[in-house]
$ cat structure_22.pdb   # PDB, C-alpha atoms, pLDDT in the B column
MODEL        1
ATOM      1  CA  ASP A  16    -120.702-105.739  80.765  1.00 56.00           C
ATOM      2  CA  THR A  17    -118.854-108.232  78.613  1.00 64.00           C
ATOM      3  CA  ALA A  18    -119.004-107.186  74.968  1.00 89.00           C
ATOM      4  CA  VAL A  19    -117.742-110.391  73.337  1.00 94.00           C
ATOM      5  CA  SER A  20    -117.842-113.494  75.485  1.00 94.00           C
ATOM      6  CA  GLN A  21    -116.667-117.025  74.881  1.00 95.00           C
ATOM      7  CA  THR A  22    -117.343-120.270  76.695  1.00 96.00           C
ATOM      8  CA  PRO A  23    -115.609-122.248  77.909  1.00 96.00           C
ATOM      9  CA  LYS A  24    -112.433-120.425  78.801  1.00 94.00           C
ATOM     10  CA  TYR A  25    -110.490-123.687  78.954  1.00 96.00           C
ATOM     11  CA  LEU A  26    -111.282-126.919  77.147  1.00 97.00           C
ATOM     12  CA  VAL A  27    -109.275-130.108  77.613  1.00 97.00           C
ATOM     13  CA  THR A  28    -110.318-133.123  75.591  1.00 97.00           C
ATOM     14  CA  GLN A  29    -109.112-136.324  73.974  1.00 97.00           C
ATOM     15  CA  MET A  30    -108.171-136.817  70.350  1.00 97.00           C
ATOM     16  CA  GLY A  31    -111.066-137.858  68.193  1.00 97.00           C
ATOM     17  CA  ASN A  32    -113.717-136.095  70.249  1.00 97.00           C
ATOM     18  CA  ASP A  33    -116.155-133.503  68.934  1.00 97.00           C
ATOM     19  CA  LYS A  34    -116.398-130.203  70.791  1.00 97.00           C
ATOM     20  CA  SER A  35    -117.961-126.764  70.501  1.00 97.00           C
ATOM     21  CA  ILE A  36    -116.911-123.305  71.587  1.00 97.00           C
ATOM     22  CA  LYS A  37    -119.585-120.682  71.995  1.00 97.00           C
ATOM     23  CA  CYS A  38    -119.291-116.996  71.211  1.00 96.00           C
ATOM     24  CA  GLU A  39    -121.773-114.256  71.957  1.00 96.00           C
ATOM     25  CA  GLN A  40    -121.611-110.521  71.391  1.00 95.00           C
ATOM     26  CA  ASN A  41    -124.011-108.002  72.879  1.00 94.00           C
ATOM     27  CA  LEU A  42    -122.801-105.101  70.743  1.00 90.00           C
ATOM     28  CA  GLY A  43    -125.347-105.445  67.977  1.00 88.00           C
ATOM     29  CA  HIS A  44    -122.601-106.141  65.446  1.00 87.00           C
ATOM     30  CA  ASP A  45    -123.337-107.755  62.111  1.00 84.00           C
ATOM     31  CA  THR A  46    -120.050-109.472  61.399  1.00 87.00           C
ATOM     32  CA  MET A  47    -118.304-112.064  63.534  1.00 91.00           C
ATOM     33  CA  TYR A  48    -115.008-113.876  63.186  1.00 91.00           C
ATOM     34  CA  TRP A  49    -113.029-116.793  64.521  1.00 94.00           C
ATOM     35  CA  TYR A  50    -109.251-116.627  64.826  1.00 93.00           C
ATOM     36  CA  LYS A  51    -106.745-119.266  65.881  1.00 95.00           C
ATOM     37  CA  GLN A  52    -103.637-118.372  67.888  1.00 93.00           C
ATOM     38  CA  ASP A  53    -101.020-121.090  67.891  1.00 91.00           C
ATOM     39  CA  SER A  54     -98.330-121.827  70.464  1.00 89.00           C
ATOM     40  CA  LYS A  55     -96.037-119.242  68.879  1.00 87.00           C
ATOM     41  CA  LYS A  56     -98.746-116.591  69.324  1.00 87.00           C
ATOM     42  CA  PHE A  57     -99.344-116.372  65.589  1.00 89.00           C
ATOM     43  CA  LEU A  58    -102.918-115.279  64.836  1.00 90.00           C
ATOM     44  CA  LYS A  59    -104.791-116.441  61.773  1.00 90.00           C
ATOM     45  CA  ILE A  60    -108.328-115.883  60.547  1.00 89.00           C
ATOM     46  CA  MET A  61    -110.477-118.990  60.308  1.00 91.00           C
ATOM     47  CA  PHE A  62    -113.913-117.686  59.407  1.00 88.00           C
ATOM     48  CA  SER A  63    -115.791-114.481  58.967  1.00 87.00           C
ATOM     49  CA  TYR A  64    -119.571-114.415  58.914  1.00 88.00           C
ATOM     50  CA  ASN A  65    -122.434-112.019  58.681  1.00 81.00           C
ATOM     51  CA  ASN A  66    -126.069-112.660  58.036  1.00 71.00           C
ATOM     52  CA  LYS A  67    -125.375-112.830  54.338  1.00 68.00           C
ATOM     53  CA  GLU A  68    -122.126-114.586  53.811  1.00 78.00           C
ATOM     54  CA  LEU A  69    -119.711-117.063  55.322  1.00 82.00           C
ATOM     55  CA  ILE A  70    -116.119-116.764  54.228  1.00 76.00           C
ATOM     56  CA  ILE A  71    -113.875-119.659  55.084  1.00 74.00           C
ATOM     57  CA  ASN A  72    -110.114-119.513  55.102  1.00 79.00           C
ATOM     58  CA  GLU A  73    -109.173-122.219  52.640  1.00 74.00           C
ATOM     59  CA  THR A  74    -106.505-123.589  54.960  1.00 84.00           C
ATOM     60  CA  VAL A  75    -109.048-124.467  57.651  1.00 89.00           C
ATOM     61  CA  PRO A  76    -109.893-128.196  57.701  1.00 91.00           C
ATOM     62  CA  ASN A  77    -113.539-129.047  57.110  1.00 91.00           C
ATOM     63  CA  ARG A  78    -113.604-130.593  60.598  1.00 95.00           C
ATOM     64  CA  PHE A  79    -114.140-127.001  61.734  1.00 95.00           C
ATOM     65  CA  SER A  80    -117.547-125.488  61.122  1.00 92.00           C
ATOM     66  CA  PRO A  81    -119.115-122.253  62.343  1.00 91.00           C
ATOM     67  CA  LYS A  82    -122.773-122.213  63.302  1.00 90.00           C
ATOM     68  CA  SER A  83    -124.751-119.024  63.797  1.00 89.00           C
ATOM     69  CA  PRO A  84    -128.143-119.508  65.454  1.00 88.00           C
ATOM     70  CA  ASP A  85    -128.699-115.757  65.391  1.00 88.00           C
ATOM     71  CA  LYS A  86    -126.875-112.513  64.739  1.00 87.00           C
ATOM     72  CA  ALA A  87    -125.410-112.352  68.238  1.00 91.00           C
ATOM     73  CA  HIS A  88    -123.838-115.807  68.228  1.00 93.00           C
ATOM     74  CA  LEU A  89    -121.203-117.587  66.195  1.00 93.00           C
ATOM     75  CA  ASN A  90    -120.279-120.957  67.626  1.00 95.00           C
ATOM     76  CA  LEU A  91    -117.350-123.067  66.509  1.00 96.00           C
ATOM     77  CA  HIS A  92    -117.806-126.818  66.130  1.00 96.00           C
ATOM     78  CA  ILE A  93    -114.814-129.061  65.797  1.00 96.00           C
ATOM     79  CA  ASN A  94    -115.118-132.718  64.812  1.00 96.00           C
ATOM     80  CA  SER A  95    -112.533-135.452  65.286  1.00 97.00           C
ATOM     81  CA  LEU A  96    -110.132-133.308  67.261  1.00 97.00           C
ATOM     82  CA  GLU A  97    -106.431-133.671  66.547  1.00 96.00           C
ATOM     83  CA  LEU A  98    -103.360-132.798  68.569  1.00 96.00           C
ATOM     84  CA  GLY A  99    -102.591-129.927  66.201  1.00 94.00           C
ATOM     85  CA  ASP A 100    -105.887-128.286  67.028  1.00 96.00           C
ATOM     86  CA  SER A 101    -104.492-127.306  70.417  1.00 97.00           C
ATOM     87  CA  ALA A 102    -104.448-123.505  70.420  1.00 96.00           C
ATOM     88  CA  VAL A 103    -106.251-120.467  71.717  1.00 95.00           C
ATOM     89  CA  TYR A 104    -109.338-119.606  69.705  1.00 96.00           C
ATOM     90  CA  PHE A 105    -110.590-116.038  69.621  1.00 95.00           C
ATOM     91  CA  CYS A 106    -113.968-114.816  68.572  1.00 95.00           C
ATOM     92  CA  ALA A 107    -114.353-111.234  67.369  1.00 93.00           C
ATOM     93  CA  SER A 108    -117.042-108.962  65.988  1.00 91.00           C
ATOM     94  CA  SER A 109    -117.253-105.692  64.110  1.00 87.00           C
ATOM     95  CA  PRO A 110    -120.081-103.217  63.607  1.00 81.00           C
ATOM     96  CA  PRO A 111    -121.618-102.375  60.253  1.00 71.00           C
ATOM     97  CA  GLY A 112    -119.952 -99.612  58.321  1.00 63.00           C
ATOM     98  CA  LEU A 113    -120.905 -97.611  55.280  1.00 56.00           C
ATOM     99  CA  ALA A 114    -122.861 -99.422  52.600  1.00 50.00           C
ATOM    100  CA  GLY A 115    -123.525-102.278  54.981  1.00 48.00           C
ATOM    101  CA  GLY A 116    -120.048-103.692  55.044  1.00 52.00           C
ATOM    102  CA  PRO A 117    -118.140-104.183  58.294  1.00 50.00           C
ATOM    103  CA  THR A 118    -116.178-101.370  59.836  1.00 59.00           C
ATOM    104  CA  ASP A 119    -112.552-101.827  60.510  1.00 67.00           C
ATOM    105  CA  THR A 120    -112.350-102.122  64.262  1.00 82.00           C
ATOM    106  CA  GLN A 121    -112.826-105.594  65.662  1.00 87.00           C
ATOM    107  CA  TYR A 122    -113.678-106.410  69.230  1.00 90.00           C
ATOM    108  CA  PHE A 123    -112.217-109.612  70.577  1.00 92.00           C
ATOM    109  CA  GLY A 124    -113.416-112.103  73.132  1.00 94.00           C
ATOM    110  CA  PRO A 125    -111.126-113.352  75.916  1.00 92.00           C
ATOM    111  CA  GLY A 126    -110.211-116.534  74.097  1.00 94.00           C
ATOM    112  CA  THR A 127    -110.716-120.264  74.632  1.00 96.00           C
ATOM    113  CA  ARG A 128    -107.644-122.353  75.306  1.00 95.00           C
ATOM    114  CA  LEU A 129    -108.182-125.766  73.709  1.00 97.00           C
ATOM    115  CA  THR A 130    -105.877-128.595  74.696  1.00 97.00           C
ATOM    116  CA  VAL A 131    -106.148-131.888  72.847  1.00 97.00           C
ATOM    117  CA  LEU A 132    -104.527-134.851  74.579  1.00 95.00           C
TER     118      LEU A 132
ATOM    119  CA  ALA B  23    -101.523-110.509  48.935  1.00 74.00           C
ATOM    120  CA  GLN B  24    -101.680-108.272  51.962  1.00 79.00           C
ATOM    121  CA  SER B  25     -99.141-108.845  54.701  1.00 87.00           C
ATOM    122  CA  VAL B  26     -97.473-107.181  57.649  1.00 92.00           C
ATOM    123  CA  ALA B  27     -94.087-107.859  59.178  1.00 95.00           C
ATOM    124  CA  GLN B  28     -92.918-107.210  62.695  1.00 96.00           C
ATOM    125  CA  PRO B  29     -89.146-107.622  62.588  1.00 95.00           C
ATOM    126  CA  GLU B  30     -88.606-107.775  66.345  1.00 96.00           C
ATOM    127  CA  ASP B  31     -89.712-110.683  68.490  1.00 95.00           C
ATOM    128  CA  GLN B  32     -89.066-108.667  71.640  1.00 97.00           C
ATOM    129  CA  VAL B  33     -88.426-105.056  72.590  1.00 97.00           C
ATOM    130  CA  ASN B  34     -86.973-104.154  75.981  1.00 97.00           C
ATOM    131  CA  VAL B  35     -87.366-100.637  77.337  1.00 97.00           C
ATOM    132  CA  ALA B  36     -86.738 -98.979  80.674  1.00 97.00           C
ATOM    133  CA  GLU B  37     -89.719 -97.311  82.300  1.00 97.00           C
ATOM    134  CA  GLY B  38     -89.948 -93.659  81.372  1.00 97.00           C
ATOM    135  CA  ASN B  39     -88.043 -94.095  78.123  1.00 97.00           C
ATOM    136  CA  PRO B  40     -89.667 -93.784  74.704  1.00 97.00           C
ATOM    137  CA  LEU B  41     -90.657 -96.977  72.982  1.00 97.00           C
ATOM    138  CA  THR B  42     -91.039 -98.009  69.355  1.00 97.00           C
ATOM    139  CA  VAL B  43     -92.498-101.254  68.051  1.00 98.00           C
ATOM    140  CA  LYS B  44     -91.871-101.691  64.354  1.00 98.00           C
ATOM    141  CA  CYS B  45     -94.237-102.779  61.612  1.00 97.00           C
ATOM    142  CA  THR B  46     -93.910-102.797  57.854  1.00 96.00           C
ATOM    143  CA  TYR B  47     -96.629-103.682  55.420  1.00 93.00           C
ATOM    144  CA  SER B  48     -97.148-104.948  51.911  1.00 90.00           C
ATOM    145  CA  VAL B  49    -100.492-104.184  50.307  1.00 83.00           C
ATOM    146  CA  SER B  50    -102.023-103.435  46.976  1.00 80.00           C
ATOM    147  CA  GLY B  51    -103.827-100.147  47.035  1.00 79.00           C
ATOM    148  CA  ASN B  52    -104.357 -98.040  50.126  1.00 79.00           C
ATOM    149  CA  PRO B  53    -103.700 -99.874  53.379  1.00 84.00           C
ATOM    150  CA  TYR B  54    -105.978-100.130  56.387  1.00 87.00           C
ATOM    151  CA  LEU B  55    -103.542-100.637  59.271  1.00 91.00           C
ATOM    152  CA  PHE B  56    -104.110-101.467  62.910  1.00 93.00           C
ATOM    153  CA  TRP B  57    -102.372-102.054  66.193  1.00 96.00           C
ATOM    154  CA  TYR B  58    -103.769-104.402  68.802  1.00 95.00           C
ATOM    155  CA  VAL B  59    -102.397-105.278  72.230  1.00 95.00           C
ATOM    156  CA  GLN B  60    -102.728-108.586  74.056  1.00 93.00           C
ATOM    157  CA  TYR B  61    -102.124-108.694  77.790  1.00 91.00           C
ATOM    158  CA  PRO B  62    -101.276-112.092  79.313  1.00 86.00           C
ATOM    159  CA  ASN B  63    -104.185-114.536  79.184  1.00 79.00           C
ATOM    160  CA  ARG B  64    -106.453-111.912  77.656  1.00 83.00           C
ATOM    161  CA  GLY B  65    -108.037-111.220  74.306  1.00 85.00           C
ATOM    162  CA  LEU B  66    -106.808-108.582  71.914  1.00 90.00           C
ATOM    163  CA  GLN B  67    -107.624-104.955  72.491  1.00 92.00           C
ATOM    164  CA  PHE B  68    -107.774-102.347  69.762  1.00 91.00           C
ATOM    165  CA  LEU B  69    -105.207 -99.562  70.140  1.00 94.00           C
ATOM    166  CA  LEU B  70    -105.431 -97.484  66.979  1.00 93.00           C
ATOM    167  CA  LYS B  71    -105.886 -97.584  63.244  1.00 90.00           C
ATOM    168  CA  TYR B  72    -104.916 -95.747  60.103  1.00 90.00           C
ATOM    169  CA  ILE B  73    -107.447 -95.548  57.298  1.00 84.00           C
ATOM    170  CA  THR B  74    -106.789 -92.196  55.694  1.00 82.00           C
ATOM    171  CA  GLY B  75    -105.864 -88.639  56.606  1.00 84.00           C
ATOM    172  CA  ASP B  76    -103.189 -87.585  59.108  1.00 88.00           C
ATOM    173  CA  ASN B  77    -100.128 -89.786  59.048  1.00 91.00           C
ATOM    174  CA  LEU B  78     -99.807 -89.563  62.827  1.00 95.00           C
ATOM    175  CA  VAL B  79    -102.550 -91.523  64.496  1.00 94.00           C
ATOM    176  CA  LYS B  80    -103.236 -91.277  68.199  1.00 94.00           C
ATOM    177  CA  GLY B  81    -104.740 -94.173  70.094  1.00 92.00           C
ATOM    178  CA  SER B  82    -105.473 -95.586  73.506  1.00 90.00           C
ATOM    179  CA  TYR B  83    -103.187 -95.466  76.560  1.00 92.00           C
ATOM    180  CA  GLY B  84    -100.982 -92.728  75.093  1.00 95.00           C
ATOM    181  CA  PHE B  85     -99.865 -94.751  72.077  1.00 97.00           C
ATOM    182  CA  GLU B  86     -99.495 -93.325  68.620  1.00 97.00           C
ATOM    183  CA  ALA B  87     -98.365 -94.641  65.269  1.00 97.00           C
ATOM    184  CA  GLU B  88     -96.938 -92.989  62.221  1.00 95.00           C
ATOM    185  CA  PHE B  89     -97.960 -94.073  58.761  1.00 94.00           C
ATOM    186  CA  ASN B  90     -95.055 -93.714  56.332  1.00 94.00           C
ATOM    187  CA  LYS B  91     -96.033 -94.523  52.789  1.00 92.00           C
ATOM    188  CA  SER B  92     -92.560 -94.246  51.276  1.00 92.00           C
ATOM    189  CA  GLN B  93     -91.130 -96.665  53.827  1.00 94.00           C
ATOM    190  CA  THR B  94     -94.301 -98.785  53.978  1.00 94.00           C
ATOM    191  CA  SER B  95     -94.118 -98.627  57.735  1.00 96.00           C
ATOM    192  CA  PHE B  96     -96.567 -98.132  60.581  1.00 97.00           C
ATOM    193  CA  HIS B  97     -94.455 -98.076  63.732  1.00 98.00           C
ATOM    194  CA  LEU B  98     -96.081 -97.891  67.142  1.00 98.00           C
ATOM    195  CA  LYS B  99     -94.676 -95.337  69.562  1.00 97.00           C
ATOM    196  CA  LYS B 100     -95.086 -93.975  73.037  1.00 97.00           C
ATOM    197  CA  PRO B 101     -93.070 -91.095  74.518  1.00 96.00           C
ATOM    198  CA  SER B 102     -92.733 -92.572  77.998  1.00 97.00           C
ATOM    199  CA  ALA B 103     -93.145 -96.294  78.654  1.00 97.00           C
ATOM    200  CA  LEU B 104     -94.899 -97.734  81.690  1.00 97.00           C
ATOM    201  CA  VAL B 105     -94.322-101.139  83.272  1.00 96.00           C
ATOM    202  CA  SER B 106     -98.012-101.796  82.658  1.00 95.00           C
ATOM    203  CA  ASP B 107     -97.406-101.454  78.894  1.00 96.00           C
ATOM    204  CA  SER B 108     -95.638-104.822  78.964  1.00 96.00           C
ATOM    205  CA  ALA B 109     -97.657-107.027  76.626  1.00 96.00           C
ATOM    206  CA  LEU B 110     -97.745-108.579  73.184  1.00 95.00           C
ATOM    207  CA  TYR B 111     -98.360-106.103  70.358  1.00 97.00           C
ATOM    208  CA  PHE B 112     -99.785-107.032  66.996  1.00 95.00           C
ATOM    209  CA  CYS B 113     -99.739-105.021  63.808  1.00 96.00           C
ATOM    210  CA  ALA B 114    -102.479-105.927  61.341  1.00 93.00           C
ATOM    211  CA  VAL B 115    -103.738-105.034  57.904  1.00 89.00           C
ATOM    212  CA  ARG B 116    -107.264-105.417  56.695  1.00 83.00           C
ATOM    213  CA  ASP B 117    -107.633-108.019  53.970  1.00 73.00           C
ATOM    214  CA  ARG B 118    -109.249-106.210  51.093  1.00 67.00           C
ATOM    215  CA  GLY B 119    -112.054-107.941  49.243  1.00 62.00           C
ATOM    216  CA  SER B 120    -113.103-109.799  52.375  1.00 60.00           C
ATOM    217  CA  GLN B 121    -115.430-109.155  55.259  1.00 62.00           C
ATOM    218  CA  GLY B 122    -112.795-107.138  56.994  1.00 67.00           C
ATOM    219  CA  ASN B 123    -110.610-110.044  58.030  1.00 75.00           C
ATOM    220  CA  LEU B 124    -107.442-108.910  59.713  1.00 83.00           C
ATOM    221  CA  ILE B 125    -104.063-110.276  58.705  1.00 87.00           C
ATOM    222  CA  PHE B 126    -101.769-110.111  61.698  1.00 91.00           C
ATOM    223  CA  GLY B 127     -98.038-109.850  62.089  1.00 93.00           C
ATOM    224  CA  LYS B 128     -96.350-112.395  64.322  1.00 93.00           C
ATOM    225  CA  GLY B 129     -96.427-110.084  67.308  1.00 95.00           C
ATOM    226  CA  THR B 130     -93.764-108.262  69.305  1.00 96.00           C
ATOM    227  CA  LYS B 131     -93.367-108.775  73.004  1.00 96.00           C
ATOM    228  CA  LEU B 132     -92.767-105.489  74.791  1.00 97.00           C
ATOM    229  CA  SER B 133     -91.051-105.682  78.152  1.00 97.00           C
ATOM    230  CA  VAL B 134     -90.825-102.508  80.228  1.00 97.00           C
ATOM    231  CA  LYS B 135     -88.553-102.747  83.255  1.00 96.00           C
ATOM    232  CA  PRO B 136     -88.747-100.419  86.272  1.00 94.00           C
TER     233      PRO B 136
ENDMDL
END
$ encode --input "structure_22.pdb" --output "structure tokens"
Amino acid sequence: DTAVSQTPKYLVTQMGNDKSIKCEQNLGHDTMYWYKQDSKKFLKIMFSYNNKELIINETVPNRFSPKSPDKAHLNLHINSLELGDSAVYFCASSPPGLAGGPTDTQYFGPGTRLTVL
Amino acid sequence: AQSVAQPEDQVNVAEGNPLTVKCTYSVSGNPYLFWYVQYPNRGLQFLLKYITGDNLVKGSYGFEAEFNKSQTSFHLKKPSALVSDSALYFCAVRDRGSQGNLIFGKGTKLSVKP
């Protein structure tokens, strides 16, 4: 069974378009994340979210927005796509730890390779 | 600010030889340190973590890492490398005061030759 899944696996689109990447976890975790991996394999946090709080990395353009319809899903919407948005996007989740905060181990999805032409 | 550094872009090892992938960290307070592995075209997989306790941490696939506070290091090791260990390895530190966001190093590509 897939623990953290993402769709689509590949996404090719034109500049200026709006697109979404879906993420689902069936682990019952409370906290979910989006990371961006650039062409040099550098990984950077974009968002973290649980049912109480959304934390946005201040370097992320406001064209990117996470949407969580329920605890098991955290989708990534991207408006007005730019060439520099081309990257692999990873979703991750972590279970609740003591005092309700997240534990330390994150479980990653397989990634979505976005190519903007 | 929390950060980790992986000084080597690539490590080459012959199969059967010991391997070390280096990581140093810079944190305020006690560090929460991790190693993840990324196989080609795959997501990241958790290998091991150090939170507290024994400085030698054992993880998946025979890997271990040693936390060294005086040297601010958390090097990943394995006594005998396998060709199947070839992958991209990331050291990470948990960003304190956040929802557990991980701050990753730039990654080290491990290549194990037969």
$ resolve_selection --input "structure_22.pdb" --expression "the PyMOL selection byres ((chain A and resi 20) around 12)" --output "PyMOL selection string"
(chain A and resi 16-19+21-24+36-42+87-90+104-108+122-127) or (chain B and resi 64-65)
$ atom_distance --input "structure_22.pdb" --atom1 "CA of Ser25 (chain B)" --atom2 "CA of Val49 (chain B)"
6.5 Å
$ atom_distance --input "structure_22.pdb" --atom1 "CA of Pro84 (chain A)" --atom2 "CA of Ile70 (chain A)"
16.7 Å
$ interface_residues --input "structure_22.pdb" --of "chain B" --to "chain A" --cutoff "8 Å" --atoms "only C-alpha atoms" --output "PyMOL selection string"
chain B and resi 54+63-68+71+116+120-129
$ closest_residue --input "structure_22.pdb" --among "B:Leu132, B:Val26, B:Val33, B:Leu98" --to "Phe85 (chain B)" --atoms "only C-alpha atoms"
B:Leu98
$ closest_residue --input "structure_22.pdb" --among "A:Pro111, A:Pro81, A:Gly43, A:Pro76" --to "Gly99 (chain A)" --atoms "all atoms listed in the file"
A:Pro76
$ residues_around --input "structure_22.pdb" --residues "Lys99 (chain B)" --least-positions-apart "4" --cutoff "6 Å" --atoms "only C-alpha atoms" --output "PyMOL selection string"
chain B and resi 41-42+85-87
$ resolve_selection --input "structure_22.pdb" --expression "the PyMOL selection byres ((chain B and resi 77) around 8)" --output "ChimeraX atom specification"
/B:72,74-76,78-79,88-90
$ residues_near_point --input "structure_22.pdb" --point "(-86.6, -105.1, 62.6)" --cutoff "10 Å" --atoms "only C-alpha atoms" --output "list in words"
Ala27, Gln28, Pro29, Glu30, Asp31, Val43, Lys44, Cys45 and Thr46 of chain B
$ residues_around --input "structure_22.pdb" --residues "Lys86 (chain A)" --least-positions-apart "2" --cutoff "7 Å" --atoms "all atoms listed in the file" --output "VMD selection string"
chain A and resid 45 66 83 88
$ atom_distance --input "structure_22.pdb" --atom1 "CA of Phe112 (chain B)" --atom2 "CA of Thr130 (chain A)"
23.7 Å
$ residues_around --input "structure_22.pdb" --residues "Leu132 (chain A)" --least-positions-apart "6" --cutoff "12 Å" --atoms "only C-alpha atoms" --output "MDAnalysis selection string"
chainID A and resid 26:32 96:101
$ resolve_selection --input "structure_22.pdb" --expression "the PyMOL selection byres ((chain B and resi 135) around 7)" --output "list in words"
Val35, Ala36, Glu37, Val105, Ser133, Val134 and Pro136 of chain B
$ residues_around --input "structure_22.pdb" --residues "Ser80 (chain A)" --least-positions-apart "4" --cutoff "7 Å" --atoms "all atoms listed in the file" --output "list of chain:residue names"
A:Leu91, A:His92, A:Ile93
$ closest_residue --input "structure_22.pdb" --among "B:Asn39, B:Gln32, B:Ser48, B:Ser108" --to "Ser92 (chain B)" --atoms "all atoms listed in the file"
B:Ser48
